[in-house]
Every structure is written in C-alpha cells, then in structure tokens.
$ cat coords36.cif   # mmCIF, C-alpha atoms
data_structure
loop_
_atom_site.group_PDB
_atom_site.id
_atom_site.type_symbol
_atom_site.label_atom_id
_atom_site.label_comp_id
_atom_site.auth_asym_id
_atom_site.auth_seq_id
_atom_site.Cartn_x
_atom_site.Cartn_y
_atom_site.Cartn_z
ATOM 1 C CA MET A 1441 -7.171 9.149 -15.793
ATOM 2 C CA LEU A 1442 -6.547 10.474 -12.294
ATOM 3 C CA SER A 1443 -7.170 13.790 -10.601
ATOM 4 C CA ARG A 1444 -4.279 15.473 -8.800
ATOM 5 C CA GLN A 1445 -6.045 14.632 -5.546
ATOM 6 C CA THR A 1446 -6.043 10.905 -6.372
ATOM 7 C CA VAL A 1447 -2.381 11.002 -7.432
ATOM 8 C CA TYR A 1448 -1.627 12.599 -4.062
ATOM 9 C CA HIS A 1449 -3.624 9.896 -2.268
ATOM 10 C CA ILE A 1450 -1.720 7.074 -4.003
ATOM 11 C CA ASN A 1451 1.667 8.583 -3.182
ATOM 12 C CA GLU A 1452 0.632 9.310 0.401
ATOM 13 C CA MET A 1453 -0.446 5.682 0.863
ATOM 14 C CA PHE A 1454 2.960 4.389 -0.279
ATOM 15 C CA GLU A 1455 4.775 6.846 2.026
ATOM 16 C CA ASP A 1456 2.643 6.090 5.101
ATOM 17 C CA GLN A 1457 4.951 3.790 7.062
ATOM 18 C CA ARG A 1458 2.319 2.906 9.677
ATOM 19 C CA PHE A 1459 -0.156 1.855 6.992
ATOM 20 C CA ARG A 1460 2.458 -0.165 5.116
ATOM 21 C CA ALA A 1461 3.500 -1.933 8.323
ATOM 22 C CA GLU A 1462 -0.139 -2.777 9.100
ATOM 23 C CA VAL A 1463 -0.674 -4.151 5.577
ATOM 24 C CA ASP A 1464 2.435 -6.321 6.023
ATOM 25 C CA ARG A 1465 1.221 -7.562 9.421
ATOM 26 C CA LEU A 1466 -2.282 -8.428 8.203
ATOM 27 C CA SER A 1467 -1.166 -10.117 4.970
ATOM 28 C CA SER A 1468 1.989 -11.910 6.143
ATOM 29 C CA GLY A 1469 2.119 -15.424 4.670
ATOM 30 C CA LEU A 1470 -1.567 -15.423 3.662
ATOM 31 C CA ASN A 1471 -3.573 -15.746 0.474
ATOM 32 C CA VAL A 1472 -4.867 -12.200 0.123
ATOM 33 C CA VAL A 1473 -7.632 -10.688 -1.994
ATOM 34 C CA THR A 1474 -7.880 -6.911 -2.421
ATOM 35 C CA VAL A 1475 -10.927 -5.007 -3.634
ATOM 36 C CA GLY A 1476 -11.474 -1.472 -4.853
ATOM 37 C CA GLU A 1477 -11.256 0.559 -8.034
ATOM 38 C CA GLY A 1478 -7.873 2.004 -8.906
ATOM 39 C CA SER A 1479 -6.534 0.956 -5.492
ATOM 40 C CA PHE A 1480 -2.828 0.118 -5.204
ATOM 41 C CA VAL A 1481 -3.156 -1.676 -1.863
ATOM 42 C CA GLY A 1482 -2.739 -5.052 -3.606
ATOM 43 C CA LEU A 1483 0.761 -4.090 -4.742
ATOM 44 C CA LEU A 1484 1.624 -3.122 -1.165
ATOM 45 C CA ALA A 1485 0.352 -6.454 0.158
ATOM 46 C CA ALA A 1486 2.463 -8.437 -2.334
ATOM 47 C CA LYS A 1487 5.636 -7.886 -0.293
ATOM 48 C CA ALA A 1488 4.503 -9.960 2.698
ATOM 49 C CA ALA A 1489 1.622 -12.084 1.366
ATOM 50 C CA LYS A 1490 1.881 -15.635 0.067
ATOM 51 C CA THR A 1491 -0.360 -14.729 -2.885
ATOM 52 C CA VAL A 1492 -2.364 -11.628 -3.820
ATOM 53 C CA THR A 1493 -5.380 -11.506 -6.091
ATOM 54 C CA ILE A 1494 -6.408 -7.994 -7.069
ATOM 55 C CA ILE A 1495 -10.093 -7.679 -7.989
ATOM 56 C CA GLU A 1496 -10.124 -4.698 -10.338
ATOM 57 C CA PRO A 1497 -13.313 -3.892 -12.311
ATOM 58 C CA SER A 1498 -11.625 -1.222 -14.470
ATOM 59 C CA GLU A 1499 -10.036 -2.616 -17.633
ATOM 60 C CA ARG A 1500 -7.654 0.337 -17.842
ATOM 61 C CA PHE A 1501 -6.417 -0.232 -14.312
ATOM 62 C CA ARG A 1502 -6.063 -3.953 -14.893
ATOM 63 C CA ASP A 1503 -3.685 -3.082 -17.745
ATOM 64 C CA ILE A 1504 -1.767 -0.691 -15.498
ATOM 65 C CA PHE A 1505 -1.431 -3.224 -12.675
ATOM 66 C CA HIS A 1506 -0.283 -5.903 -15.149
ATOM 67 C CA LYS A 1507 2.551 -3.570 -16.180
ATOM 68 C CA TYR A 1508 3.556 -3.018 -12.548
ATOM 69 C CA VAL A 1509 3.506 -6.779 -11.904
ATOM 70 C CA LEU A 1510 5.686 -7.479 -14.948
ATOM 71 C CA TYR A 1511 8.098 -4.631 -14.258
ATOM 72 C CA TYR A 1512 8.664 -5.575 -10.597
ATOM 73 C CA ASN A 1513 8.467 -9.333 -11.282
ATOM 74 C CA MET A 1514 5.681 -9.890 -8.733
ATOM 75 C CA LYS A 1515 5.149 -13.594 -9.327
ATOM 76 C CA ASN A 1516 2.687 -13.940 -6.443
ATOM 77 C CA VAL A 1517 0.171 -11.395 -7.841
ATOM 78 C CA LYS A 1518 -2.865 -12.139 -10.034
ATOM 79 C CA ILE A 1519 -5.391 -9.645 -11.379
ATOM 80 C CA VAL A 1520 -9.027 -10.525 -12.075
ATOM 81 C CA GLU A 1521 -12.078 -8.557 -13.122
ATOM 82 C CA LYS A 1522 -14.620 -9.746 -10.533
ATOM 83 C CA ALA A 1523 -15.027 -11.875 -7.431
ATOM 84 C CA THR A 1524 -16.547 -14.797 -9.313
ATOM 85 C CA ASN A 1525 -13.217 -15.230 -11.144
ATOM 86 C CA LEU A 1526 -11.518 -16.354 -7.918
ATOM 87 C CA ILE A 1527 -10.498 -20.005 -7.937
ATOM 88 C CA GLU A 1528 -9.094 -20.526 -4.435
ATOM 89 C CA LYS A 1529 -10.624 -19.374 -1.173
ATOM 90 C CA PRO A 1530 -8.774 -16.327 0.209
ATOM 91 C CA GLU A 1531 -7.685 -16.107 3.843
ATOM 92 C CA ILE A 1532 -8.179 -12.357 4.171
ATOM 93 C CA VAL A 1533 -9.729 -9.497 2.185
ATOM 94 C CA LEU A 1534 -7.936 -6.136 2.309
ATOM 95 C CA ALA A 1535 -9.049 -2.725 1.098
ATOM 96 C CA GLU A 1536 -8.373 0.931 1.847
ATOM 97 C CA PRO A 1537 -11.264 1.132 0.794
ATOM 98 C CA PHE A 1538 -10.856 3.309 -2.310
ATOM 99 C CA TYR A 1539 -12.975 3.621 -5.457
ATOM 100 C CA MET A 1540 -11.812 6.084 -8.079
ATOM 101 C CA SER A 1541 -15.389 6.878 -9.158
ATOM 102 C CA ALA A 1542 -16.435 7.912 -5.617
ATOM 103 C CA MET A 1543 -17.317 11.583 -5.239
ATOM 104 C CA ASN A 1544 -18.030 11.703 -1.490
ATOM 105 C CA PRO A 1545 -16.245 9.772 1.277
ATOM 106 C CA TRP A 1546 -19.350 7.642 1.935
ATOM 107 C CA ASN A 1547 -19.427 6.520 -1.721
ATOM 108 C CA HIS A 1548 -16.630 4.131 -0.700
ATOM 109 C CA LEU A 1549 -19.345 2.153 1.129
ATOM 110 C CA ARG A 1550 -19.475 0.282 -2.153
ATOM 111 C CA PHE A 1551 -16.880 -1.817 -0.333
ATOM 112 C CA LEU A 1552 -19.665 -3.377 1.766
ATOM 113 C CA TYR A 1553 -21.275 -4.845 -1.349
ATOM 114 C CA ASP A 1554 -17.983 -6.307 -2.583
ATOM 115 C CA VAL A 1555 -17.527 -7.980 0.798
ATOM 116 C CA GLU A 1556 -21.097 -9.296 0.714
ATOM 117 C CA ILE A 1557 -20.381 -11.092 -2.579
ATOM 118 C CA LEU A 1558 -17.074 -12.527 -1.329
ATOM 119 C CA LYS A 1559 -18.659 -13.839 1.870
ATOM 120 C CA MET A 1560 -21.496 -15.420 -0.117
ATOM 121 C CA LEU A 1561 -18.902 -17.215 -2.245
ATOM 122 C CA HIS A 1562 -16.369 -18.145 0.445
ATOM 123 C CA GLY A 1563 -18.207 -18.217 3.784
ATOM 124 C CA ASP A 1564 -18.929 -15.898 6.711
ATOM 125 C CA ASP A 1565 -15.645 -16.817 8.403
ATOM 126 C CA LEU A 1566 -13.671 -14.888 5.776
ATOM 127 C CA LYS A 1567 -11.617 -12.208 7.543
ATOM 128 C CA VAL A 1568 -11.951 -8.652 6.233
ATOM 129 C CA GLU A 1569 -10.038 -5.435 6.902
ATOM 130 C CA PRO A 1570 -11.187 -2.772 7.451
ATOM 131 C CA HIS A 1571 -13.731 -4.354 9.772
ATOM 132 C CA VAL A 1572 -15.874 -1.302 10.568
ATOM 133 C CA GLY A 1573 -16.595 2.129 9.074
ATOM 134 C CA THR A 1574 -17.976 5.226 10.810
ATOM 135 C CA LEU A 1575 -19.644 8.313 9.349
ATOM 136 C CA LYS A 1576 -18.653 11.433 11.303
ATOM 137 C CA ALA A 1577 -19.466 15.155 11.350
ATOM 138 C CA ILE A 1578 -18.220 18.279 13.128
ATOM 139 C CA PRO A 1579 -19.289 21.963 13.176
ATOM 140 C CA GLU A 1580 -16.690 24.311 11.682
ATOM 141 C CA CYS A 1581 -16.400 28.071 11.327
ATOM 142 C CA PHE A 1582 -14.984 28.745 7.856
ATOM 143 C CA GLU A 1583 -13.339 32.057 7.041
ATOM 144 C CA ASP A 1584 -14.651 32.224 3.476
ATOM 145 C CA LEU A 1585 -15.908 28.883 2.109
ATOM 146 C CA HIS A 1586 -19.434 29.312 3.518
ATOM 147 C CA LYS A 1587 -19.944 32.349 1.269
ATOM 148 C CA ILE A 1588 -20.624 30.089 -1.725
ATOM 149 C CA ALA A 1589 -23.995 29.244 -0.146
ATOM 150 C CA SER A 1590 -24.789 32.392 1.869
ATOM 151 C CA ASP A 1591 -27.097 35.252 0.882
ATOM 152 C CA VAL A 1592 -25.583 38.375 -0.660
ATOM 153 C CA ASN A 1593 -28.128 40.753 0.972
ATOM 154 C CA THR A 1594 -27.296 44.445 0.498
ATOM 155 C CA VAL A 1595 -23.972 45.432 -1.076
ATOM 156 C CA ASN A 1596 -22.871 49.038 -1.614
ATOM 157 C CA GLY A 1597 -26.471 50.160 -1.232
ATOM 158 C CA PHE A 1598 -27.894 47.632 -3.701
ATOM 159 C CA ASP A 1599 -30.568 45.361 -2.230
ATOM 160 C CA LEU A 1600 -29.992 41.895 -3.727
ATOM 161 C CA SER A 1601 -32.452 40.019 -1.518
ATOM 162 C CA TYR A 1602 -34.653 39.209 -4.537
ATOM 163 C CA PHE A 1603 -31.634 37.621 -6.235
ATOM 164 C CA ASP A 1604 -30.958 35.703 -2.993
ATOM 165 C CA SER A 1605 -34.457 34.225 -2.944
ATOM 166 C CA ILE A 1606 -34.153 33.066 -6.566
ATOM 167 C CA SER A 1607 -30.695 31.573 -5.938
ATOM 168 C CA THR A 1608 -31.852 29.754 -2.802
ATOM 169 C CA LYS A 1609 -34.748 28.140 -4.685
ATOM 170 C CA ALA A 1610 -32.453 27.189 -7.582
ATOM 171 C CA ARG A 1611 -29.875 25.602 -5.273
ATOM 172 C CA ALA A 1612 -32.573 23.673 -3.428
ATOM 173 C CA ALA A 1613 -33.913 22.330 -6.741
ATOM 174 C CA THR A 1614 -30.599 21.406 -8.396
ATOM 175 C CA ASP A 1615 -27.727 21.138 -5.891
ATOM 176 C CA ALA A 1616 -27.037 18.340 -3.437
ATOM 177 C CA ILE A 1617 -27.788 19.388 0.133
ATOM 178 C CA VAL A 1618 -24.251 18.290 1.093
ATOM 179 C CA ASP A 1619 -21.535 19.755 -1.118
ATOM 180 C CA GLU A 1620 -18.178 18.153 -2.019
ATOM 181 C CA GLN A 1621 -15.085 20.172 -1.168
ATOM 182 C CA SER A 1622 -11.373 19.667 -0.569
ATOM 183 C CA LEU A 1623 -11.508 21.236 2.883
ATOM 184 C CA TRP A 1624 -7.732 21.435 3.370
ATOM 185 C CA GLU A 1625 -7.782 24.342 0.908
ATOM 186 C CA TYR A 1626 -10.017 26.503 3.110
ATOM 187 C CA ALA A 1627 -9.162 28.111 6.447
ATOM 188 C CA GLY A 1628 -11.423 27.592 9.454
ATOM 189 C CA THR A 1629 -11.614 26.539 13.095
ATOM 190 C CA VAL A 1630 -13.465 23.842 15.025
ATOM 191 C CA LYS A 1631 -14.545 24.125 18.656
ATOM 192 C CA GLU A 1632 -16.370 20.834 19.170
ATOM 193 C CA GLU A 1633 -15.456 17.149 19.096
ATOM 194 C CA ALA A 1634 -16.471 15.071 16.073
ATOM 195 C CA VAL A 1635 -19.861 13.368 16.325
ATOM 196 C CA GLU A 1636 -20.500 9.770 15.201
ATOM 197 C CA LEU A 1637 -23.505 9.528 12.882
ATOM 198 C CA LEU A 1638 -23.653 5.980 11.488
ATOM 199 C CA THR A 1639 -21.564 2.836 12.051
ATOM 200 C CA PHE A 1640 -21.111 0.146 9.392
ATOM 201 C CA PRO A 1641 -19.794 -3.263 10.544
ATOM 202 C CA VAL A 1642 -18.094 -5.021 7.615
ATOM 203 C CA ASP A 1643 -19.599 -8.445 8.229
ATOM 204 C CA GLY A 1644 -21.263 -9.246 4.912
ATOM 205 C CA ARG A 1645 -24.729 -8.234 6.128
ATOM 206 C CA ILE A 1646 -25.836 -4.888 4.726
ATOM 207 C CA LEU A 1647 -28.622 -3.154 6.644
ATOM 208 C CA SER A 1648 -30.318 0.196 6.139
ATOM 209 C CA ARG A 1649 -29.373 2.585 8.936
ATOM 210 C CA LYS A 1650 -30.541 5.999 10.142
ATOM 211 C CA CYS A 1651 -29.802 8.505 12.852
ATOM 212 C CA VAL A 1652 -30.934 11.865 14.210
ATOM 213 C CA VAL A 1653 -28.062 13.751 15.849
ATOM 214 C CA LYS A 1654 -28.154 17.168 17.494
ATOM 215 C CA MET A 1655 -25.338 19.419 16.272
ATOM 216 C CA ASP A 1656 -24.535 22.025 18.947
ATOM 217 C CA ASN A 1657 -22.452 25.218 18.914
ATOM 218 C CA MET A 1658 -23.819 26.261 15.533
ATOM 219 C CA GLN A 1659 -23.972 29.923 16.618
ATOM 220 C CA SER A 1660 -20.180 30.065 16.199
ATOM 221 C CA SER A 1661 -20.080 27.773 13.139
ATOM 222 C CA ASN A 1662 -21.204 28.162 9.541
ATOM 223 C CA GLY A 1663 -20.683 24.677 8.136
ATOM 224 C CA ILE A 1664 -20.755 20.966 9.000
ATOM 225 C CA PRO A 1665 -18.038 18.790 7.385
ATOM 226 C CA ILE A 1666 -18.909 15.073 7.010
ATOM 227 C CA TRP A 1667 -16.503 12.210 6.315
ATOM 228 C CA MET A 1668 -15.803 8.475 6.818
ATOM 229 C CA GLU A 1669 -13.339 6.728 9.107
ATOM 230 C CA TRP A 1670 -12.342 3.074 8.741
ATOM 231 C CA GLN A 1671 -10.830 0.748 11.344
ATOM 232 C CA PHE A 1672 -8.079 -1.085 9.457
ATOM 233 C CA GLY A 1673 -6.508 -3.587 11.835
ATOM 234 C CA ASP A 1674 -5.082 -1.462 14.650
ATOM 235 C CA LEU A 1675 -5.163 1.754 12.582
ATOM 236 C CA THR A 1676 -7.891 4.337 12.034
ATOM 237 C CA LEU A 1677 -7.953 5.549 8.430
ATOM 238 C CA SER A 1678 -9.726 8.907 8.118
ATOM 239 C CA THR A 1679 -10.960 10.361 4.828
ATOM 240 C CA GLY A 1680 -11.525 13.673 6.608
ATOM 241 C CA LEU A 1681 -10.293 15.107 9.897
ATOM 242 C CA LEU A 1682 -6.794 13.914 10.781
ATOM 243 C CA SER A 1683 -6.045 16.150 13.783
ATOM 244 C CA THR A 1684 -6.819 19.522 15.355
ATOM 245 C CA SER A 1685 -4.283 22.060 16.578
ATOM 246 C CA GLU A 1686 -4.491 23.730 20.005
ATOM 247 C CA SER A 1687 -5.947 26.813 18.315
ATOM 248 C CA GLY A 1688 -8.731 24.727 16.758
ATOM 249 C CA LYS A 1689 -7.323 24.620 13.227
ATOM 250 C CA PRO A 1690 -8.385 21.337 11.604
ATOM 251 C CA HIS A 1691 -6.000 19.216 9.538
ATOM 252 C CA TRP A 1692 -7.976 17.623 6.693
ATOM 253 C CA ASN A 1693 -6.913 14.678 4.534
ATOM 254 C CA LYS A 1694 -5.700 16.073 1.193
ATOM 255 C CA GLY A 1695 -6.267 12.787 -0.629
ATOM 256 C CA TYR A 1696 -10.068 12.947 -0.404
ATOM 257 C CA LYS A 1697 -12.878 15.423 -0.801
ATOM 258 C CA GLN A 1698 -15.140 15.811 2.202
ATOM 259 C CA GLY A 1699 -18.852 16.491 2.339
ATOM 260 C CA VAL A 1700 -19.915 19.836 3.845
ATOM 261 C CA TYR A 1701 -23.314 21.291 4.672
ATOM 262 C CA PHE A 1702 -23.914 25.045 4.949
ATOM 263 C CA PRO A 1703 -26.987 26.085 6.995
ATOM 264 C CA ILE A 1704 -29.172 28.336 4.847
ATOM 265 C CA THR A 1705 -32.354 30.425 5.207
ATOM 266 C CA ASN A 1706 -34.181 29.618 8.458
ATOM 267 C CA LEU A 1707 -31.319 27.529 9.922
ATOM 268 C CA GLN A 1708 -28.583 30.167 9.686
ATOM 269 C CA ASN A 1709 -29.180 31.664 13.136
ATOM 270 C CA GLU A 1710 -29.975 28.469 15.049
ATOM 271 C CA SER A 1711 -27.682 27.564 17.962
ATOM 272 C CA SER A 1712 -28.392 23.847 17.411
ATOM 273 C CA ILE A 1713 -29.798 21.876 14.485
ATOM 274 C CA ASN A 1714 -30.792 18.279 13.910
ATOM 275 C CA LEU A 1715 -28.832 16.244 11.396
ATOM 276 C CA ASN A 1716 -30.760 13.302 9.933
ATOM 277 C CA ALA A 1717 -28.758 10.686 7.992
ATOM 278 C CA LEU A 1718 -30.290 7.677 6.227
ATOM 279 C CA PHE A 1719 -28.338 4.879 4.567
ATOM 280 C CA ASP A 1720 -30.497 2.970 2.079
ATOM 281 C CA LYS A 1721 -29.098 -0.506 1.426
ATOM 282 C CA SER A 1722 -30.968 -0.745 -1.895
ATOM 283 C CA SER A 1723 -29.159 2.287 -3.351
ATOM 284 C CA GLY A 1724 -25.978 2.187 -1.271
ATOM 285 C CA ASP A 1725 -26.199 5.956 -0.760
ATOM 286 C CA ILE A 1726 -26.720 8.227 2.240
ATOM 287 C CA THR A 1727 -29.287 11.034 2.230
ATOM 288 C CA PHE A 1728 -29.192 13.940 4.660
ATOM 289 C CA GLN A 1729 -31.780 16.282 6.105
ATOM 290 C CA PHE A 1730 -31.282 19.236 8.428
ATOM 291 C CA SER A 1731 -33.947 20.822 10.623
ATOM 292 C CA LYS A 1732 -34.560 22.916 13.712
ATOM 293 C CA CYS A 1733 -34.281 21.166 17.058
#

$ encode --input "coords36.cif" --output "structure tokens"
Amino acid sequence: MLSRQTVYHINEMFEDQRFRAEVDRLSSGLNVVTVGEGSFVGLLAAKAAKTVTIIEPSERFRDIFHKYVLYYNMKNVKIVEKATNLIEKPEIVLAEPFYMSAMNPWNHLRFLYDVEILKMLHGDDLKVEPHVGTLKAIPECFEDLHKIASDVNTVNGFDLSYFDSISTKARAATDAIVDEQSLWEYAGTVKEEAVELLTFPVDGRILSRKCVVKMDNMQSSNGIPIWMEWQFGDLTLSTGLLSTSESGKPHWNKGYKQGVYFPITNLQNESSINLNALFDKSSGDITFQFSKC
C-alpha cells in the first residue's frame, strides 16, 4: 500500500520528539479530531487527548487503524469515514497534513477543504492546527539532476540539436512544467534564501491566490525546488528544505517529494526569471508559469 518514502515519513513522525511533544501539548485533555489520508497523527494524539476521532476516507486504512486501536487498547479513539459522521463537536482539529494520494507537496492543500467542511458543521470558532501554510521556492545548482531536462546538443561530434527540438516540444506537450523528485537523492548547492510564494491561512475560507515573484541568481542555478511549510502550533513543519550547511548544501525532507522546475530553451541563460503561481480554489491545484523578467 505504501511507498518506501511514505513508510519513512511515518517512522520519522513517530521518532520526532519535538513534534510528538507539540501534539501532546495541543491535544491535552481535549476532544480531538484528526484529518488526512493514511495519517497516523490521530494515534499520536490519543496519548494526551480526552477523545480522538480519526476521519479516514480510505477503507483500507480504517481497517488498519482499527487493528492498532484494538492491539494497544486505545479506548478513547474512534474512526469514522467522513466529517458528517461526527456526533459531538470537537475542540481542536489536528493534521500533519498528510494525504497518501498526494504527488506534490501542495496537493496536501486538500486539508483546507476538510477544514472548510468541519467549520461549516461546527462553527468558525473551531481551533485548527496547522493554522497556516506557505508555498516556498529557492534556486539550486544541481550537479546532475538538471540533465533530465537539458538539451543534449553535440556529443562526440554528433549534432543532436534536431532531437533536442523534438524532445522539448514533446515535454512541453505531455510533462508537467514542475517535476516531482525526491531531492535528497541529488547533490546540489543553494546560494539564496527561500522565497515565499503563496500563504494559505487555515480559517475555513478558501480563496484563489496568485503571485509573481522574481527569482534571482539564476546564472549560477539550474533548477528551482518548490515545497510547502506548515505552522503547527509553535513548530514549522517543512515538506522540503529543512536546513542548509555553511557550504550551501541543502538538507531536504526524505519523507516527501518536492516539486522542481528546470529552466529550458530561452530561459536557460537568464540571470533572473519570473515565477507565476496561481491557486485555483475550484480545482484545489496550483499552476505555475515561468517567463523572462
């Protein structure tokens, strides 16, 4: 059922002492509801909470969580399929947020729609954590990863520029403009600070959002990683960049894939490019465009 990456993420969550302590603090003595898909945060909350109701849309995961509840004798935990199955009003909603079907970090924005339903049912005063999400990006110089999107040009005397033009057109017609990669697997360096693109308050009101951000220092970079960060109580949970060494080596979260854009054709030699991001509330997805400044 789970990829190795997701198995890693689940284990990492249970071993993260700061996250576990924050879950305990936020849920202590309260009636807690957790949302997600394949998220184990409800089992973590059961230790300190008065009651926990796990909203789990996946039948297979509901079966799995039932087995955990029985095995560990968690008498304060209930598992339901959807928000409308809740009987009592919760005091707080907790999430990582994590959805097993998400491909990109911003696909976890599905969380906003779950919160919207819960607030419609139980009032705007319902407390929710995380309370804000931020889409971020940073230029990076990869050692090799960028080659999957770059032109071949001339190799050993063979001019492959015609092949390059066909491949570029094919990628533009079929591939997403932002690729999904586990960036911890690929060496690279960053020389800039991360840039905030879009901010999503988790208040039950979903609005379309857009931005145009200038990405500098592209002459020494060949890719732009994109990820989400969530403010969970007093903690910042990053699905992407965790830290950067003094030498500029980025430390990426191994439990998630990150989005990454590789400048191609007329943008390859630009020192700065514009990044356009649009969140459409009707689809719940983010579309990207890149252009010359």

$ resolve_selection --input "coords36.cif" --expression "the PyMOL selection byres ((chain A and resi 1628-1643) around 6)" --output "count of residues only"
17

$ closest_residue --input "coords36.cif" --among "A:Asp1604, A:Glu1556, A:Glu1531, A:Glu1710" --to "Ser1468 in chain A" --atoms "all atoms listed in the file"
A:Glu1531

$ closest_residue --input "coords36.cif" --among "A:Lys1529, A:Arg1550, A:Arg1444, A:Arg1458" --to "Ser1723 in chain A" --atoms "only C-alpha atoms"
A:Arg1550

$ residues_around --input "coords36.cif" --residues "range 1614-1625 of chain A" --least-positions-apart "4" --cutoff "6 Å" --atoms "only C-alpha atoms" --output "list in words"
Trp1692, Lys1697, Gln1698, Gly1699, Val1700 and Tyr1701 of chain A

$ resolve_selection --input "coords36.cif" --expression "the PyMOL selection byres ((chain A and resi 1661) around 7)" --output "list in words"
Pro1579, Glu1580, Cys1581, Asn1657, Met1658, Gln1659, Ser1660, Asn1662 and Gly1663 of chain A

$ atom_distance --input "coords36.cif" --atom1 "CA of Thr1679 in chain A" --atom2 "CA of Gly1695 in chain A"
7.6 Å

$ residues_around --input "coords36.cif" --residues "Ile1495 in chain A" --least-positions-apart "6" --cutoff "6 Å" --atoms "only C-alpha atoms" --output "PyMOL selection string"
chain A and resi 1475+1520-1522

$ resolve_selection --input "coords36.cif" --expression "the PyMOL selection byres ((chain A and resi 1518) around 7)" --output "list in words"
Val1492, Thr1493, Ile1494, Asn1516, Val1517, Ile1519 and Val1520 of chain A

$ write_last_selection --input "coords36.cif" --atoms "C-alpha atoms" --output "PDB file, keeping the file's coordinate frame"
ATOM      1  CA  VAL A1492      -2.364 -11.628  -3.820  1.00  0.00           C
ATOM      2  CA  THR A1493      -5.380 -11.506  -6.091  1.00  0.00           C
ATOM      3  CA  ILE A1494      -6.408  -7.994  -7.069  1.00  0.00           C
ATOM      4  CA  ASN A1516       2.687 -13.940  -6.443  1.00  0.00           C
ATOM      5  CA  VAL A1517       0.171 -11.395  -7.841  1.00  0.00           C
ATOM      6  CA  ILE A1519      -5.391  -9.645 -11.379  1.00  0.00           C
ATOM      7  CA  VAL A1520      -9.027 -10.525 -12.075  1.00  0.00           C
TER       8      VAL A1520
END

$ closest_residue --input "coords36.cif" --among "A:Tyr1448, A:Tyr1602, A:Phe1728, A:Phe1505" --to "Tyr1696 in chain A" --atoms "all atoms listed in the file"
A:Tyr1448

$ closest_residue --input "coords36.cif" --among "A:Phe1480, A:Phe1730, A:Phe1719, A:Phe1702" --to "Glu1536 in chain A" --atoms "all atoms listed in the file"
A:Phe1480

$ residues_around --input "coords36.cif" --residues "Ile1450 in chain A" --least-positions-apart "5" --cutoff "12 Å" --atoms "all atoms listed in the file" --output "PDB file with C-alpha atoms, keeping the file's coordinate frame"
ATOM      1  CA  LEU A1442      -6.547  10.474 -12.294  1.00  0.00           C
ATOM      2  CA  SER A1443      -7.170  13.790 -10.601  1.00  0.00           C
ATOM      3  CA  ARG A1444      -4.279  15.473  -8.800  1.00  0.00           C
ATOM      4  CA  GLN A1445      -6.045  14.632  -5.546  1.00  0.00           C
ATOM      5  CA  GLU A1455       4.775   6.846   2.026  1.00  0.00           C
ATOM      6  CA  ASP A1456       2.643   6.090   5.101  1.00  0.00           C
ATOM      7  CA  GLY A1478      -7.873   2.004  -8.906  1.00  0.00           C
ATOM      8  CA  SER A1479      -6.534   0.956  -5.492  1.00  0.00           C
ATOM      9  CA  PHE A1480      -2.828   0.118  -5.204  1.00  0.00           C
ATOM     10  CA  VAL A1481      -3.156  -1.676  -1.863  1.00  0.00           C
ATOM     11  CA  LEU A1483       0.761  -4.090  -4.742  1.00  0.00           C
ATOM     12  CA  LEU A1484       1.624  -3.122  -1.165  1.00  0.00           C
ATOM     13  CA  GLU A1536      -8.373   0.931   1.847  1.00  0.00           C
ATOM     14  CA  PHE A1538     -10.856   3.309  -2.310  1.00  0.00           C
ATOM     15  CA  TYR A1539     -12.975   3.621  -5.457  1.00  0.00           C
ATOM     16  CA  MET A1540     -11.812   6.084  -8.079  1.00  0.00           C
ATOM     17  CA  LYS A1694      -5.700  16.073   1.193  1.00  0.00           C
ATOM     18  CA  GLY A1695      -6.267  12.787  -0.629  1.00  0.00           C
ATOM     19  CA  TYR A1696     -10.068  12.947  -0.404  1.00  0.00           C
TER      20      TYR A1696
END

$ build_atoms --input "coords36.cif" --residues "range 1506-1516 of chain A" --atoms "N, CA, C and O atoms" --output "PDB file, keeping the file's coordinate frame"
ATOM      1  N   HIS A1506      -1.054  -4.869 -14.452  1.00  0.00           N
ATOM      2  CA  HIS A1506      -0.283  -5.903 -15.149  1.00  0.00           C
ATOM      3  C   HIS A1506       1.124  -5.392 -15.464  1.00  0.00           C
ATOM      4  O   HIS A1506       2.113  -6.128 -15.328  1.00  0.00           O
ATOM      5  N   LYS A1507       1.237  -4.136 -15.864  1.00  0.00           N
ATOM      6  CA  LYS A1507       2.551  -3.570 -16.180  1.00  0.00           C
ATOM      7  C   LYS A1507       3.419  -3.447 -14.932  1.00  0.00           C
ATOM      8  O   LYS A1507       4.632  -3.700 -14.981  1.00  0.00           O
ATOM      9  N   TYR A1508       2.810  -3.065 -13.810  1.00  0.00           N
ATOM     10  CA  TYR A1508       3.556  -3.018 -12.548  1.00  0.00           C
ATOM     11  C   TYR A1508       4.044  -4.416 -12.169  1.00  0.00           C
ATOM     12  O   TYR A1508       5.204  -4.596 -11.772  1.00  0.00           O
ATOM     13  N   VAL A1509       3.157  -5.402 -12.281  1.00  0.00           N
ATOM     14  CA  VAL A1509       3.506  -6.779 -11.904  1.00  0.00           C
ATOM     15  C   VAL A1509       4.652  -7.307 -12.755  1.00  0.00           C
ATOM     16  O   VAL A1509       5.590  -7.934 -12.247  1.00  0.00           O
ATOM     17  N   LEU A1510       4.617  -7.033 -14.054  1.00  0.00           N
ATOM     18  CA  LEU A1510       5.686  -7.479 -14.948  1.00  0.00           C
ATOM     19  C   LEU A1510       6.988  -6.743 -14.656  1.00  0.00           C
ATOM     20  O   LEU A1510       8.062  -7.353 -14.589  1.00  0.00           O
ATOM     21  N   TYR A1511       6.892  -5.430 -14.456  1.00  0.00           N
ATOM     22  CA  TYR A1511       8.098  -4.631 -14.258  1.00  0.00           C
ATOM     23  C   TYR A1511       8.824  -5.024 -12.969  1.00  0.00           C
ATOM     24  O   TYR A1511      10.057  -5.126 -12.942  1.00  0.00           O
ATOM     25  N   TYR A1512       8.059  -5.253 -11.891  1.00  0.00           N
ATOM     26  CA  TYR A1512       8.664  -5.575 -10.597  1.00  0.00           C
ATOM     27  C   TYR A1512       8.724  -7.081 -10.341  1.00  0.00           C
ATOM     28  O   TYR A1512       9.071  -7.499  -9.235  1.00  0.00           O
ATOM     29  N   ASN A1513       8.362  -7.873 -11.363  1.00  0.00           N
ATOM     30  CA  ASN A1513       8.467  -9.333 -11.282  1.00  0.00           C
ATOM     31  C   ASN A1513       7.742  -9.886 -10.054  1.00  0.00           C
ATOM     32  O   ASN A1513       8.284 -10.691  -9.289  1.00  0.00           O
ATOM     33  N   MET A1514       6.496  -9.435  -9.866  1.00  0.00           N
ATOM     34  CA  MET A1514       5.681  -9.890  -8.733  1.00  0.00           C
ATOM     35  C   MET A1514       4.985 -11.198  -9.118  1.00  0.00           C
ATOM     36  O   MET A1514       3.853 -11.204  -9.595  1.00  0.00           O
ATOM     37  N   LYS A1515       5.660 -12.294  -8.894  1.00  0.00           N
ATOM     38  CA  LYS A1515       5.149 -13.594  -9.327  1.00  0.00           C
ATOM     39  C   LYS A1515       3.997 -14.094  -8.476  1.00  0.00           C
ATOM     40  O   LYS A1515       3.319 -15.064  -8.854  1.00  0.00           O
ATOM     41  N   ASN A1516       3.771 -13.488  -7.332  1.00  0.00           N
ATOM     42  CA  ASN A1516       2.687 -13.940  -6.443  1.00  0.00           C
ATOM     43  C   ASN A1516       1.410 -13.116  -6.610  1.00  0.00           C
ATOM     44  O   ASN A1516       0.493 -13.226  -5.797  1.00  0.00           O
TER      45      ASN A1516
END
